[in-house]
Amino acid sequence: MAIPILKQGAVLIASLQAAPTDRDLIQLKDELADKIGHFRSRIVAIDVSALDVMDSFATRTLRGIAHATKLRGANTVIVGIQPDVAFAMVQLGLTLDGIETALDLDEGLARMRPQPDGGTSGDR
Amino acid sequence: MTADATRVAITRDGDIVEARQKGRELAQQIGFTGSDLTLIATAISEVARNIVVYAGHGDIDLSIAEKNGKRGILVVARDEGPGIPDIERAMRDGYSTGNSLGLGLPGSRRLMDDFEIDSAVGRGTTVIMRKWKA
């Protein structure tokens with residue numbers, strides 16, 4: 001089951017459905033890398049609000065996506081991590097250090113919008 | 001096996017999702033709620049992935065645990081893979097031979113109440129985890 005990726009201007013939005021398999025996540029990584037180049041996207045938003053589990057593999061893959069998109073000149077924001085999921089990630093020892101996160105898609109996109117100084121607020 | 005117990009065969013990454021969903025269902029049936037369900041499902045996800053990555057195939061048995069009037073969930077992950085040569089090292093955060101974060105086993109131990117691991121090189125690995133209802 002492929003994870004849908006929507007394009008809106010310079011923004012790519014990936015919406016994870018409930019319970020993606022490892023293969024779905026790897027496919028998302030490949031497709032995002034491809035689409036960023038194709039559409040010259042500047043911002044990638046990954047919505048994980050439908051996920052009831054973020055285990056070490058999912059976290060590592062999302063972290064890899066965020067770091068790789070950064071190297072390609074785009075910023076990634078991960079939005080919608082559920083409270084219970086966040087708690088389990090902390091217990092497991094998983095972090096998303098250096099990666100932008102936001103409560104929901106609206107807030108995530110607002111945070112990543114270009115600032116008057118030419119950067120994005122995600123560049124902190 | 002009764003409806004209180006279920007076995008999930010683990011052979012590919014899709015089975016990881018099935019195992020954690022079945023685990024969540026059983027935990028819910030036992031009376032776990034909220035964040036406990038997420039902790040249990042996440043721990044099952046980690047041990048199931050260990051089977052896929054290191055052993056190729058195995059089983060996860062999910063059942064009800066009972067001790068001194070307490071109820072909980074029992075998760076037994078069993079494989080006949082290569083086994084773990086150095087369990088102490090494998091239980092340390094950040095140690096991995098499988099290109100992962102190395103948090104699967106030590107992380108799962110933190111998520112659950114009881115955690116036992118038995119492994120022999122060439123004979124496979126069994127992980128037994130329990131979480132008790134508060």
# chains A, B, ... in the order shown; residues from 1 in each chain; ligands from 1

call {"tool": "residues_around", "arguments": {"residues": "Thr42 (chain B)", "least_positions_apart": "2", "cutoff": "12 Å", "atoms": "only C-alpha atoms", "output": "short mmCIF file (atom, residue, chain, number, x, y, z; two decimals) with N, CA and C atoms, in the first residue's frame"}}
result
data_model
loop_
_atom_site.label_atom_id
_atom_site.label_comp_id
_atom_site.auth_asym_id
_atom_site.auth_seq_id
_atom_site.Cartn_x
_atom_site.Cartn_y
_atom_site.Cartn_z
N ALA A 19 -0.66 1.90 10.24
CA ALA A 19 0.12 0.68 10.10
C ALA A 19 0.83 0.47 8.77
N LEU A 51 -0.74 7.09 12.86
CA LEU A 51 0.06 5.97 13.36
C LEU A 51 -0.17 5.73 14.84
N ASP A 52 -0.38 4.46 15.20
CA ASP A 52 -0.53 4.14 16.62
C ASP A 52 0.75 3.55 17.19
N VAL A 53 1.74 3.34 16.34
CA VAL A 53 3.05 2.87 16.79
C VAL A 53 4.13 3.54 15.95
N MET A 54 5.14 4.10 16.60
CA MET A 54 6.35 4.54 15.90
C MET A 54 7.50 3.78 16.54
N ASP A 55 7.89 2.69 15.92
CA ASP A 55 8.95 1.89 16.52
C ASP A 55 10.30 2.37 15.98
N SER A 56 11.35 1.62 16.31
CA SER A 56 12.70 2.10 15.96
C SER A 56 12.88 2.18 14.45
N PHE A 57 12.27 1.26 13.72
CA PHE A 57 12.44 1.29 12.27
C PHE A 57 11.76 2.51 11.66
N ALA A 58 10.52 2.75 12.05
CA ALA A 58 9.78 3.90 11.51
C ALA A 58 10.51 5.20 11.84
N THR A 59 10.99 5.30 13.08
CA THR A 59 11.68 6.52 13.50
C THR A 59 12.98 6.71 12.73
N ASP A 84 0.43 9.23 23.13
CA ASP A 84 0.86 7.90 23.59
C ASP A 84 2.08 7.42 22.81
N VAL A 85 2.09 7.75 21.52
CA VAL A 85 3.20 7.35 20.66
C VAL A 85 4.47 8.08 21.09
N ALA A 86 4.33 9.37 21.39
CA ALA A 86 5.48 10.16 21.85
C ALA A 86 6.05 9.56 23.14
N PHE A 87 5.17 9.18 24.04
CA PHE A 87 5.56 8.60 25.31
C PHE A 87 6.32 7.28 25.10
N ALA A 88 5.79 6.44 24.21
CA ALA A 88 6.44 5.15 23.92
C ALA A 88 7.81 5.37 23.27
N MET A 89 7.90 6.36 22.40
CA MET A 89 9.19 6.65 21.75
C MET A 89 10.25 7.04 22.79
N VAL A 90 9.83 7.84 23.75
CA VAL A 90 10.77 8.27 24.80
C VAL A 90 11.24 7.06 25.60
N GLN A 91 10.30 6.19 25.97
CA GLN A 91 10.65 4.99 26.73
C GLN A 91 11.62 4.10 25.97
N LEU A 92 11.39 4.04 24.67
CA LEU A 92 12.20 3.18 23.81
C LEU A 92 13.59 3.78 23.61
N LEU A 94 14.02 6.59 21.59
CA LEU A 94 14.06 7.15 20.23
C LEU A 94 13.96 8.67 20.28
N ILE B 16 4.92 -8.14 11.05
CA ILE B 16 5.23 -7.30 12.21
C ILE B 16 4.01 -6.48 12.58
N VAL B 17 3.38 -5.91 11.54
CA VAL B 17 2.19 -5.09 11.76
C VAL B 17 1.06 -5.95 12.34
N ALA B 19 1.31 -8.74 14.07
CA ALA B 19 1.62 -9.15 15.45
C ALA B 19 1.28 -8.04 16.43
N ARG B 20 1.64 -6.81 16.09
CA ARG B 20 1.40 -5.74 17.06
C ARG B 20 -0.08 -5.38 17.14
N GLN B 21 -0.79 -5.56 16.02
CA GLN B 21 -2.24 -5.30 16.07
C GLN B 21 -2.96 -6.35 16.90
N LYS B 22 -2.57 -7.62 16.73
CA LYS B 22 -3.15 -8.70 17.52
C LYS B 22 -2.84 -8.50 19.00
N GLY B 23 -1.62 -8.07 19.28
CA GLY B 23 -1.21 -7.82 20.66
C GLY B 23 -2.02 -6.71 21.29
N ARG B 24 -2.25 -5.67 20.51
CA ARG B 24 -3.05 -4.54 21.01
C ARG B 24 -4.49 -4.99 21.30
N SER B 35 -1.99 4.57 26.99
CA SER B 35 -0.58 4.49 26.63
C SER B 35 -0.02 3.08 26.81
N ASP B 36 -0.60 2.29 27.73
CA ASP B 36 -0.12 0.91 27.88
C ASP B 36 -0.28 0.12 26.58
N LEU B 37 -1.39 0.35 25.88
CA LEU B 37 -1.62 -0.36 24.62
C LEU B 37 -0.53 -0.01 23.61
N THR B 38 -0.15 1.25 23.59
CA THR B 38 0.89 1.69 22.66
C THR B 38 2.25 1.11 23.04
N LEU B 39 2.54 1.07 24.35
CA LEU B 39 3.82 0.50 24.81
C LEU B 39 3.91 -0.97 24.44
N ILE B 40 2.82 -1.71 24.68
CA ILE B 40 2.80 -3.15 24.37
C ILE B 40 2.97 -3.37 22.86
N ILE B 44 6.13 -5.30 20.96
CA ILE B 44 5.90 -6.44 20.06
C ILE B 44 6.50 -6.15 18.69
N SER B 45 6.33 -4.93 18.23
CA SER B 45 6.89 -4.54 16.94
C SER B 45 8.41 -4.74 16.91
N GLU B 46 9.06 -4.37 17.99
CA GLU B 46 10.53 -4.50 18.05
C GLU B 46 10.98 -5.96 18.04
N VAL B 47 10.35 -6.81 18.86
CA VAL B 47 10.81 -8.21 18.90
C VAL B 47 10.43 -8.95 17.62
N ALA B 48 9.30 -8.55 17.01
CA ALA B 48 8.91 -9.17 15.74
C ALA B 48 9.91 -8.80 14.65
N ARG B 49 10.34 -7.53 14.66
CA ARG B 49 11.30 -7.12 13.63
C ARG B 49 12.63 -7.84 13.83
N LEU B 103 18.17 -0.48 19.45
CA LEU B 103 17.32 -0.16 20.61
C LEU B 103 16.22 -1.19 20.81
N GLY B 104 16.10 -2.12 19.87
CA GLY B 104 14.98 -3.06 19.89
C GLY B 104 14.85 -3.81 21.19
N LEU B 105 15.89 -4.56 21.58
CA LEU B 105 15.79 -5.39 22.78
C LEU B 105 15.85 -4.56 24.07
N GLY B 107 15.20 -1.49 24.45
CA GLY B 107 14.02 -0.62 24.44
C GLY B 107 12.78 -1.38 24.85
N SER B 108 12.62 -2.60 24.32
CA SER B 108 11.46 -3.41 24.66
C SER B 108 11.44 -3.73 26.15
N ARG B 109 12.62 -3.96 26.70
CA ARG B 109 12.69 -4.25 28.13
C ARG B 109 12.16 -3.06 28.94
N ARG B 110 12.46 -1.86 28.46
CA ARG B 110 11.96 -0.67 29.18
C ARG B 110 10.45 -0.50 29.05
N LEU B 111 9.90 -0.96 27.91
CA LEU B 111 8.47 -0.78 27.67
C LEU B 111 7.61 -1.76 28.47
N MET B 112 8.18 -2.93 28.78
CA MET B 112 7.42 -3.97 29.45
C MET B 112 7.84 -4.08 30.92
#

call {"tool": "select_by_dssp", "arguments": {"residues": "region 3-119 of chain A", "states": "helix (DSSP H, G or I)", "output": "PyMOL selection string"}}
result
chain A and resi 22-39+56-71+83-92+105-112

call {"tool": "select_by_dssp", "arguments": {"residues": "chain B", "states": "strand (DSSP E or B)", "output": "PyMOL selection string"}}
result
chain B and resi 6-10+58-67+70-79+114-120+124-132

call {"tool": "residues_around", "arguments": {"residues": "Asp61 (chain B)", "least_positions_apart": "6", "cutoff": "9 Å", "atoms": "only C-alpha atoms", "output": "ChimeraX atom specification"}}
result
/B:5-9,19,74-78

call {"tool": "closest_residue", "arguments": {"among": "B:Ile51, B:Met91, B:Ala65, B:Ile73", "to": "Gly124 (chain B)", "atoms": "only C-alpha atoms"}}
result
B:Ile51

call {"tool": "residues_around", "arguments": {"residues": "region 64-77 of chain A", "least_positions_apart": "6", "cutoff": "7 Å", "atoms": "only C-alpha atoms", "output": "number ranges by chain"}}
result
A: 29, 33, 41-46, 99-101, 108, 122

call {"tool": "closest_residue", "arguments": {"among": "A:Thr61, A:Thr95, A:Thr21, A:Ser49", "to": "chain B", "atoms": "only C-alpha atoms"}}
result
A:Thr21

call {"tool": "closest_residue", "arguments": {"among": "A:Leu109, A:Ile36, A:Ile26, A:Ala102", "to": "chain B", "atoms": "only C-alpha atoms"}}
result
A:Ile26

call {"tool": "atom_distance", "arguments": {"atom1": "CA of Ser15 (chain A)", "atom2": "CA of Asp97 (chain A)"}}
result
21.4 Å
